[in-house]
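Have a look at the structure below, then the notes.
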Amino acid sequence: MTARGRELAGLLLAAVIAGVALASVTIARDSEVSARALTYGALFLALYLGAHVVVRRTVPYADGALLPLTAVLTAFGLTLNYRLDPDDGGRQALWVLIGVGILCATLVALRYDYRVLESYRYLFGVAAVILLLLPSVPGLGERVNGVRLWVHAGPLQFQPGELAKIFLIVFLAGYLREKREVIAQGRLKDFGPLFAIWGVAMLVIVQTNDLGSALLNFGIFLAMLYVATGRGLFVAAGLALFVGGAAVLYNALQHVQDRVTIWLHPWTHERVYCALNGELEFRQDCASYQLVKSLYSIANGGFGGTGLGEGTFTSTDGTTLIPYLRTDFIYSAVAQELGLIGAAALLLVFMLFVVRGMRVALRAQDGFSKLLAAGLTFGFALQTFIIVGGVLRVVPLTGITLPFVSYGGTSIVANFLMLAGLLLISHRANEPR
Amino acid sequence: MTIDALSTDETLLILKLAFLVLLYGFILLIVRTATKDIGGAPQESIVLGAAEAAALRAQYTRPARFVVLAGPALQRGSTVEIKESTTVGRGPESDLRIDGDDFASARHARIDPRPDGVWVADLGSTNGTFVNDANVTTERLLQAGDILRVGQTQLRLER
């Protein structure tokens, strides 16, 4: 079977999975079978069949597993968002539609040679830095939960960090391919860019309080540096720099200290000062309320889960238990409704995507394509680790989205751009010459 | 339409099981198709392109030296030096041709010196490839002193 045949088979199965999940959610809500779930399933299938046709036309030799894996991830996202709030589910569906549209447009635009991007590498680099710093511009950025992530421009709002990540990867792929040999020699003067990027990462933390995005972008940088030079020493040095910088910032910034305290000690036996209302409260009722409620939610799921649509996310009086459930904490919703077995399956789907992405990097023939594929895949993997690890209390929690699953337009669009990149690279690598 | 035959709880349980079975089925499908072609990757390094990897490999690979112990085609006691991946067989398409060895296949075995040592693989020969009289089924690493038998030809790997 060809790659496209496998892709079609995978997409059909993904559509059935989406249909079953949506049926389960609608039945749990209304206690009756309606044709709606079937309609949604059919629309889902139609959307991805459209993408499949475009892939067939533009990149026929591209990897056949990536699109079905994406379909299953968005099926998770659509089902959970629809289940948690039907209106948001509708908006999420619109964003997936836009995301698939952008995927198709990118494939059509770059179908002959995506490597023209390499000549615009510095443009991408400058754009990435501007996007990263955009939320700190007064009047444009908005502070949510003490973290500046959002940009408002009239009725539009978006998270520039998600797009900055993609731009940064394109820049690094072009830059490192050019300077690879020089950097690999390890003379101190060649480390200028390394220090510059470390400085920007730290600046972004100070400016936006956003530890997660700084960790993500710096992690991507180190991974790509390793891929370009093959020298583990650079990674060790970079990590040491980041840990050192983070330690200094930990002492300087209250926000970072709070995050670490919540991570290590979410429960207290005595009342401690609560910054939210200025009174003495148990920490689980104040600063770590969100994380603790999320942990209860995961525990409630147990091994098999409560079933799709049957989890508990609101208290008896109808208030939402976990703030930001649909964005940062979506994984704890998965863990409650589908249990360990379903949450593990979701992680397996993410893992397979990463395996396929790294394989694309292995097969690619030129340095730019290799670095681009490895960077895009590693960014996807690290982002998943940071947010899932944060929700599960493996690492301090920082709010970033779970790729393709969390509610959020910018994130969906950015991840479809990443998918477009991997499809283009794998097509070029597999194309018979 | 309301559900008559099944209660809502039962329907939901069935749907949940169906969802999980389908999901793991999907994962299995991807794993099966994905692992089939993973061996086809043309190179093993993310860092290097194919040509660069081959040059580096050549730089770190010592040529394999074999002493001919027996065989109709090669001079007994002579040394055969193999620098790169080489096919051995009776046919003209083999790199190391052992014409006259009636027990060898046209394309019999492949000897591949790599940075970690000399590897040998059987290429689906009729009579098999043997290392110290053990049949070579999967690709294996040779130690110095091992005796490789292809048809009637016997080669000993020198240090």
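Convention: chains lettered A, B, ... in structure tokens order; per-chain residue numbering from 1; ligands numbered from 1 as shown.
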Report as a PyMOL selection string all protein, DNA and RNA residues lying within 10 Å of segment 91-106 of chain A, evaluated on only C-alpha atoms, omitting residues in the same chain fewer than 6 positions from it.
chain A and resi 40+43-44+47-48+50-55+58+71+74-75+77-79+81-82+114+404-421+423-424
Please check the contacts: residues of chain A at most 7 Å away from chain B, using only C-alpha atoms, listed as a PDB file with N, CA, C and O atoms, in the first residue's frame.
ATOM      1  N   LEU A  13     -10.416   5.647   9.725  1.00  0.00           N
ATOM      2  CA  LEU A  13     -10.489   5.159  11.108  1.00  0.00           C
ATOM      3  C   LEU A  13     -10.574   6.335  12.082  1.00  0.00           C
ATOM      4  O   LEU A  13     -11.354   6.301  13.050  1.00  0.00           O
ATOM      5  N   ILE A  17     -13.445   7.143  14.891  1.00  0.00           N
ATOM      6  CA  ILE A  17     -13.127   7.444  16.290  1.00  0.00           C
ATOM      7  C   ILE A  17     -13.783   8.758  16.700  1.00  0.00           C
ATOM      8  O   ILE A  17     -14.423   8.855  17.761  1.00  0.00           O
ATOM      9  N   VAL A  20     -17.592   8.240  17.103  1.00  0.00           N
ATOM     10  CA  VAL A  20     -17.946   7.528  18.338  1.00  0.00           C
ATOM     11  C   VAL A  20     -17.816   8.458  19.537  1.00  0.00           C
ATOM     12  O   VAL A  20     -18.697   8.514  20.408  1.00  0.00           O
ATOM     13  N   ALA A  21     -16.720   9.240  19.564  1.00  0.00           N
ATOM     14  CA  ALA A  21     -16.501  10.141  20.694  1.00  0.00           C
ATOM     15  C   ALA A  21     -17.606  11.191  20.765  1.00  0.00           C
ATOM     16  O   ALA A  21     -18.164  11.462  21.833  1.00  0.00           O
ATOM     17  N   SER A  24     -20.860   9.694  21.927  1.00  0.00           N
ATOM     18  CA  SER A  24     -20.836   9.471  23.365  1.00  0.00           C
ATOM     19  C   SER A  24     -21.130  10.768  24.116  1.00  0.00           C
ATOM     20  O   SER A  24     -21.926  10.786  25.062  1.00  0.00           O
ATOM     21  N   SER A  31     -29.179  12.308  26.799  1.00  0.00           N
ATOM     22  CA  SER A  31     -29.789  11.002  27.037  1.00  0.00           C
ATOM     23  C   SER A  31     -30.585  10.510  25.836  1.00  0.00           C
ATOM     24  O   SER A  31     -31.560   9.789  25.982  1.00  0.00           O
ATOM     25  N   GLU A  32     -30.221  10.937  24.667  1.00  0.00           N
ATOM     26  CA  GLU A  32     -30.883  10.390  23.487  1.00  0.00           C
ATOM     27  C   GLU A  32     -29.926  10.441  22.310  1.00  0.00           C
ATOM     28  O   GLU A  32     -28.983  11.228  22.279  1.00  0.00           O
ATOM     29  N   VAL A  33     -30.203   9.544  21.371  1.00  0.00           N
ATOM     30  CA  VAL A  33     -29.361   9.487  20.185  1.00  0.00           C
ATOM     31  C   VAL A  33     -29.874  10.518  19.196  1.00  0.00           C
ATOM     32  O   VAL A  33     -31.058  10.544  18.880  1.00  0.00           O
ATOM     33  N   SER A  34     -29.006  11.387  18.746  1.00  0.00           N
ATOM     34  CA  SER A  34     -29.443  12.336  17.725  1.00  0.00           C
ATOM     35  C   SER A  34     -28.548  12.189  16.511  1.00  0.00           C
ATOM     36  O   SER A  34     -27.463  11.632  16.594  1.00  0.00           O
ATOM     37  N   ALA A  65       1.513   8.876   7.702  1.00  0.00           N
ATOM     38  CA  ALA A  65       0.985   8.716   9.062  1.00  0.00           C
ATOM     39  C   ALA A  65       0.675  10.049   9.726  1.00  0.00           C
ATOM     40  O   ALA A  65      -0.139  10.104  10.644  1.00  0.00           O
ATOM     41  N   VAL A 227      21.625  18.929  16.871  1.00  0.00           N
ATOM     42  CA  VAL A 227      21.435  18.271  15.574  1.00  0.00           C
ATOM     43  C   VAL A 227      22.433  18.818  14.556  1.00  0.00           C
ATOM     44  O   VAL A 227      22.980  18.077  13.741  1.00  0.00           O
ATOM     45  N   ALA A 228      22.715  20.126  14.625  1.00  0.00           N
ATOM     46  CA  ALA A 228      23.603  20.740  13.636  1.00  0.00           C
ATOM     47  C   ALA A 228      25.061  20.364  13.873  1.00  0.00           C
ATOM     48  O   ALA A 228      25.814  20.152  12.925  1.00  0.00           O
ATOM     49  N   THR A 229      25.480  20.293  15.142  1.00  0.00           N
ATOM     50  CA  THR A 229      26.900  20.105  15.414  1.00  0.00           C
ATOM     51  C   THR A 229      27.231  18.706  15.927  1.00  0.00           C
ATOM     52  O   THR A 229      28.368  18.275  15.844  1.00  0.00           O
ATOM     53  N   GLY A 230      26.252  18.014  16.494  1.00  0.00           N
ATOM     54  CA  GLY A 230      26.506  16.690  17.052  1.00  0.00           C
ATOM     55  C   GLY A 230      27.354  16.731  18.312  1.00  0.00           C
ATOM     56  O   GLY A 230      27.974  15.742  18.677  1.00  0.00           O
ATOM     57  N   GLY A 307     -15.954   7.948  31.457  1.00  0.00           N
ATOM     58  CA  GLY A 307     -16.674   7.873  30.192  1.00  0.00           C
ATOM     59  C   GLY A 307     -16.809   9.258  29.604  1.00  0.00           C
ATOM     60  O   GLY A 307     -16.933  10.241  30.331  1.00  0.00           O
ATOM     61  N   LEU A 308     -16.765   9.327  28.264  1.00  0.00           N
ATOM     62  CA  LEU A 308     -16.826  10.635  27.606  1.00  0.00           C
ATOM     63  C   LEU A 308     -18.156  11.302  27.876  1.00  0.00           C
ATOM     64  O   LEU A 308     -19.207  10.718  27.670  1.00  0.00           O
ATOM     65  N   GLY A 342      -7.010   5.814  28.474  1.00  0.00           N
ATOM     66  CA  GLY A 342      -7.227   6.769  27.399  1.00  0.00           C
ATOM     67  C   GLY A 342      -6.159   7.844  27.352  1.00  0.00           C
ATOM     68  O   GLY A 342      -5.695   8.241  26.277  1.00  0.00           O
ATOM     69  N   ALA A 345      -3.205   6.450  25.790  1.00  0.00           N
ATOM     70  CA  ALA A 345      -3.381   6.356  24.341  1.00  0.00           C
ATOM     71  C   ALA A 345      -3.100   7.697  23.678  1.00  0.00           C
ATOM     72  O   ALA A 345      -2.447   7.758  22.633  1.00  0.00           O
ATOM     73  N   VAL A 349      -0.295   8.585  20.838  1.00  0.00           N
ATOM     74  CA  VAL A 349      -0.520   9.259  19.558  1.00  0.00           C
ATOM     75  C   VAL A 349       0.503  10.388  19.379  1.00  0.00           C
ATOM     76  O   VAL A 349       1.108  10.534  18.304  1.00  0.00           O
ATOM     77  N   ALA A 361      13.136  13.760   9.487  1.00  0.00           N
ATOM     78  CA  ALA A 361      14.440  14.415   9.609  1.00  0.00           C
ATOM     79  C   ALA A 361      15.559  13.471   9.172  1.00  0.00           C
ATOM     80  O   ALA A 361      16.518  13.889   8.519  1.00  0.00           O
ATOM     81  N   LEU A 362      15.447  12.188   9.523  1.00  0.00           N
ATOM     82  CA  LEU A 362      16.471  11.214   9.144  1.00  0.00           C
ATOM     83  C   LEU A 362      16.548  11.050   7.634  1.00  0.00           C
ATOM     84  O   LEU A 362      17.620  10.916   7.066  1.00  0.00           O
ATOM     85  N   ARG A 363      15.396  11.032   6.999  1.00  0.00           N
ATOM     86  CA  ARG A 363      15.364  10.753   5.561  1.00  0.00           C
ATOM     87  C   ARG A 363      15.751  11.949   4.722  1.00  0.00           C
ATOM     88  O   ARG A 363      16.176  11.784   3.577  1.00  0.00           O
ATOM     89  N   GLN A 365      17.543  14.919   2.854  1.00  0.00           N
ATOM     90  CA  GLN A 365      18.883  14.819   2.279  1.00  0.00           C
ATOM     91  C   GLN A 365      19.749  16.049   2.534  1.00  0.00           C
ATOM     92  O   GLN A 365      20.962  15.937   2.557  1.00  0.00           O
ATOM     93  N   ASP A 366      19.139  17.222   2.677  1.00  0.00           N
ATOM     94  CA  ASP A 366      19.972  18.421   2.859  1.00  0.00           C
ATOM     95  C   ASP A 366      19.857  18.937   4.287  1.00  0.00           C
ATOM     96  O   ASP A 366      18.890  18.656   4.995  1.00  0.00           O
ATOM     97  N   GLY A 367      20.880  19.694   4.696  1.00  0.00           N
ATOM     98  CA  GLY A 367      20.977  20.157   6.078  1.00  0.00           C
ATOM     99  C   GLY A 367      19.797  20.998   6.521  1.00  0.00           C
ATOM    100  O   GLY A 367      19.287  20.832   7.630  1.00  0.00           O
ATOM    101  N   LYS A 370      16.774  18.781   7.167  1.00  0.00           N
ATOM    102  CA  LYS A 370      16.998  17.967   8.365  1.00  0.00           C
ATOM    103  C   LYS A 370      16.759  18.790   9.619  1.00  0.00           C
ATOM    104  O   LYS A 370      16.049  18.385  10.532  1.00  0.00           O
TER     105      LYS A 370
END
Contacts of segment 65-69 of chain B within 12 Å, only C-alpha atoms, excl. fewer than 4 positions in-chain, as a VMD selection string
chain B and resid 73 to 84 98 111 to 113 117 to 118 142 to 150 152 to 159
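Considering only C-alpha atoms, the residue among A:Leu216, A:Ala335, A:Leu49, A:Val116 positioned nearest to Gly375 of chain A is A:Leu216.
The shortest atom-to-atom distance to Val131 of chain B, with only C-alpha atoms taken into account, belongs to B:Gly151 out of B:Ala64, B:Ala58, B:Arg97, B:Gly151.
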DSSP strand (DSSP E or B) selection over segment 36-132 of chain B, as a PyMOL selection string
chain B and resi 64-70+79-82+86-89+96-97+109-114+117-122+129-131
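Coordinates place atom CA of Ile183 of chain A at a distance of 9.8 Å from atom CA of Phe234 of chain A.
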Check the DSSP output for the backbone and give back, as an MDAnalysis selection string, the residues of segment 49-168 of chain A in alpha helix (DSSP H).
chainID A and resid 49:58 66:84 86:109 121:133 160:168
Which residues come within 8 Å of Leu291 of chain A, counting only C-alpha atoms, excluding same-chain residues fewer than 5 positions away, as a list in words?
Pro266, Ile322 and Val391 of chain A
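Using only C-alpha atoms for every distance, the candidate list B:Leu123, B:Gly91, B:Arg114, B:Leu141 yields B:Arg114 as the residue closest to Arg62 of chain B.
Near Asp95 of chain B, within 7 Å and counting only C-alpha atoms, sit Thr86, Thr87 and Val88 of chain B, not including residues fewer than 4 positions from it in the same chain.
Of the listed residues (B:Ala121, B:Ala134, B:Leu28, B:Ala106), B:Ala121 comes nearest to Ser85 of chain B; the distances count only C-alpha atoms.
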